[in-house]
Amino acid sequence: MDKNSNINIIKNKLAEFNLAFLDNQQNVILQIDQANLINVCKILKTDSGLDYSMLIDVCAVDYLTYGEADWITNDATKSGYSRAVKQTIIPDADETFLKRFAVFYQLLSISHNKRLTLKVFTTEINPPSVPSINKIWNSANWFEREAFDLMGIHFKGHPNLTRILTDYGFIGHPFRKDFPTNGNLEVVYDEDKEQVIYQPVSISTRPSVPKVIRDKNDRK
Amino acid sequence: MTESNLTINFGPQHPAAHGVLRLIIEMDGEVVKNLDPHIGLLHRGTEKLAEIKPYNHSIGYMDRMDYVSMMCCEHPYVLAIEKLLDITPPKRAQYIRVMFDEITRLMNHLLWLGCHGLDIGAMALFLYCFREREDLYDCYEAVSGARMHATYYRPGGVYRDLPDQMPKYQANRYISEKKVKRLNYNREGSLLDFIDDFTARFPSLVDEYETLLTDNRIWKQRTVDIGVVTPERAKDLGFTGPMLRGSGIQWDLRRKQPYEVYEELDFLIPIGLNGDCYDRYLVRVEEMRQSNNIIQQCTQWLRDNPGPVIIEDNRYASPKRSDMKHDMESLIYHFKLFTEGYSVPKGEVYSAIEHPKGEFGVFLMSDGANMPYRMKVRPPSFAHLAAIDEMSKGHMLADVVSIIGTLDIVFGEIDR
């Protein structure tokens, strides 16, 4: 079944909600409001015409540095590249903007052999939160815990929202864009104390390859 | 006097835990009341690391996701990049990928069968399975130079064509000429000859494994009616691959959402009936036979159809070394590809393949740069392990080992 008819079916079934289909080459991505998430998911799962019986994945995204590059290539065409690499400027994390975090849900319908991606922006700040869909699809349990651990998104109504992948006693949410790739703490063996201790990292982030964004016509 | 439940710690260093799995098990006598898995002891932040390096640099990291089925982990990542770039690899490359996916499936299932057997008391099987796995590792080595972490798939094809000769054993102080001759009997020809020799004898070897297990009374006592999952629960818990098929749902991405050349190949999808450990064992054994079948079809096609194995667009694939000697454009393309890499158009894409363990997916998000903005791996074992609590409740402690075995978990992909 082609993509457009799939979109039309979803549009008919979910007429009462505010939907936005994002233009994408391969997947159907449906963006919905956070307030509608639970109701939309219930319909997506239980309606026999949709029957998205499986939740395959939950992925949280931090849009903090989206579209920012180390080298501005268009200007460099005129002026030439500088030798130094400019570190991407990361805006102040407290500067709250509502479109920072989004959660992507990958759904799969076995009976209709279709996939659907749901995209939801977190509308609450500090902590950013979305409702948990663990009651609708039980597979959300660990995927939501992972998104909480790595991105710090609170899934309201989750039965056990605890850290899952990071160390016991870890501080921070490592996959946020303002968390340094080399981390904050390192583990070393202290000979005097004769035990393993945590200390601030001794290395700093240095980009080995600068991030550049090239337009489509740049190299064609 | 009342008796209280006993809480025990299992792992993280335990041979039956299949990696660094720590379980906190609450027991009532011999019966499991509650089971809390602690994971993340192997978390390396692969997805975060992918955000600071060009697309091609992360292919090697993908091998280390599920380190017993390496090329199958590269596959969805490469497919996702191809989808965003809107390029299609040549047909020969697609056949090579399918062949190596199936070789990888055999490797994975052989390891699973051997270790699962070892966990619940079948020692000999482990040795037999590893004997066959060795030959498959030689295939990896012949084609990529590495026995495990191949980095062989590239956006737009595969790194290089299949070799015309196999690496051979050499005589030395410890291995006599006579023994070397015996070891090299199937290495005289090309890689395809070697694979054909393997696929010709492999079905009888699977028969051998089955004579040891399928009707074995002890094996059945340890697996039948252990860890039963109903089809409805399997879907709800996000099961994929043999775990889902073991519960009786006919779902295989190779057939339902075909990628590469699976549409042209002839194979069957085995399913279980009861959703217990024994059915999942039967499903996986039959999958090995079907994979063997697919490999035979692929080698036949690859013999008949020589051709390029990677696209000739120099933006995404390296130019030939011989061209670089006299052509400046090629030299520039080579330099740009290996330093900066290629920029990928904006967009989000999810691509998934039928990995030996289930649906292995990669969600890739690009903001138009030469490195991913966000990369998220969807590991099949993660969803499977999340269900271990539900599957083990009410079973004996010894059955937990059977259930860990049947889940076919590998911590490289669960912890990432």
# chains A, B, ... in the order shown; residues from 1 in each chain; ligands from 1

$ residues_around --residues "stretch 116-120 of chain A" --least-positions-apart "5" --cutoff "8 Å" --atoms "only C-alpha atoms" --output "ChimeraX atom specification"
/A:27-34,37,102-108

$ interface_residues --of "chain A" --to "chain B" --cutoff "8 Å" --atoms "only C-alpha atoms" --output "MDAnalysis selection string"
chainID A and resid 24:27 53:57 59 61 66:67 69 110 113 137:139 141:142 164:167 175 181 207:216

$ select_by_dssp --residues "stretch 79-302 of chain B" --states "strand (DSSP E or B)" --output "count of residues only"
4

$ residues_around --residues "A:Val188" --least-positions-apart "6" --cutoff "8 Å" --atoms "only C-alpha atoms" --output "PDB file with N, CA, C and O atoms, in the first residue's frame"
ATOM      1  N   VAL A 196      39.209   2.439  44.424  1.00  0.00           N
ATOM      2  CA  VAL A 196      38.830   3.117  43.181  1.00  0.00           C
ATOM      3  C   VAL A 196      38.055   4.376  43.533  1.00  0.00           C
ATOM      4  O   VAL A 196      37.133   4.333  44.354  1.00  0.00           O
ATOM      5  N   ILE A 197      38.449   5.509  42.941  1.00  0.00           N
ATOM      6  CA  ILE A 197      37.765   6.763  43.267  1.00  0.00           C
ATOM      7  C   ILE A 197      37.289   7.457  41.993  1.00  0.00           C
ATOM      8  O   ILE A 197      37.764   7.167  40.890  1.00  0.00           O
ATOM      9  N   TYR A 198      36.339   8.353  42.154  1.00  0.00           N
ATOM     10  CA  TYR A 198      35.889   9.210  41.059  1.00  0.00           C
ATOM     11  C   TYR A 198      36.627  10.539  41.168  1.00  0.00           C
ATOM     12  O   TYR A 198      36.832  11.054  42.255  1.00  0.00           O
ATOM     13  N   GLN A 199      37.024  11.093  40.017  1.00  0.00           N
ATOM     14  CA  GLN A 199      37.616  12.429  40.028  1.00  0.00           C
ATOM     15  C   GLN A 199      37.220  13.139  38.738  1.00  0.00           C
ATOM     16  O   GLN A 199      36.823  12.496  37.765  1.00  0.00           O
TER      17      GLN A 199
END

$ residues_around --residues "stretch 145-161 of chain B" --least-positions-apart "5" --cutoff "6 Å" --atoms "only C-alpha atoms" --output "PyMOL selection string"
chain B and resi 59-60+63+78+82+89+93+137+140+309-311

$ closest_residue --among "B:Asp313, B:Arg284, B:Asn108, B:Gln290" --to "B:Leu268" --atoms "only C-alpha atoms"
B:Gln290

$ closest_residue --among "B:Thr230, B:Lys168, B:Met288, B:Ile24" --to "B:Phe10" --atoms "only C-alpha atoms"
B:Ile24

$ atom_distance --atom1 "atom CA of A:Arg115" --atom2 "atom CA of A:Asn39"
18.7 Å
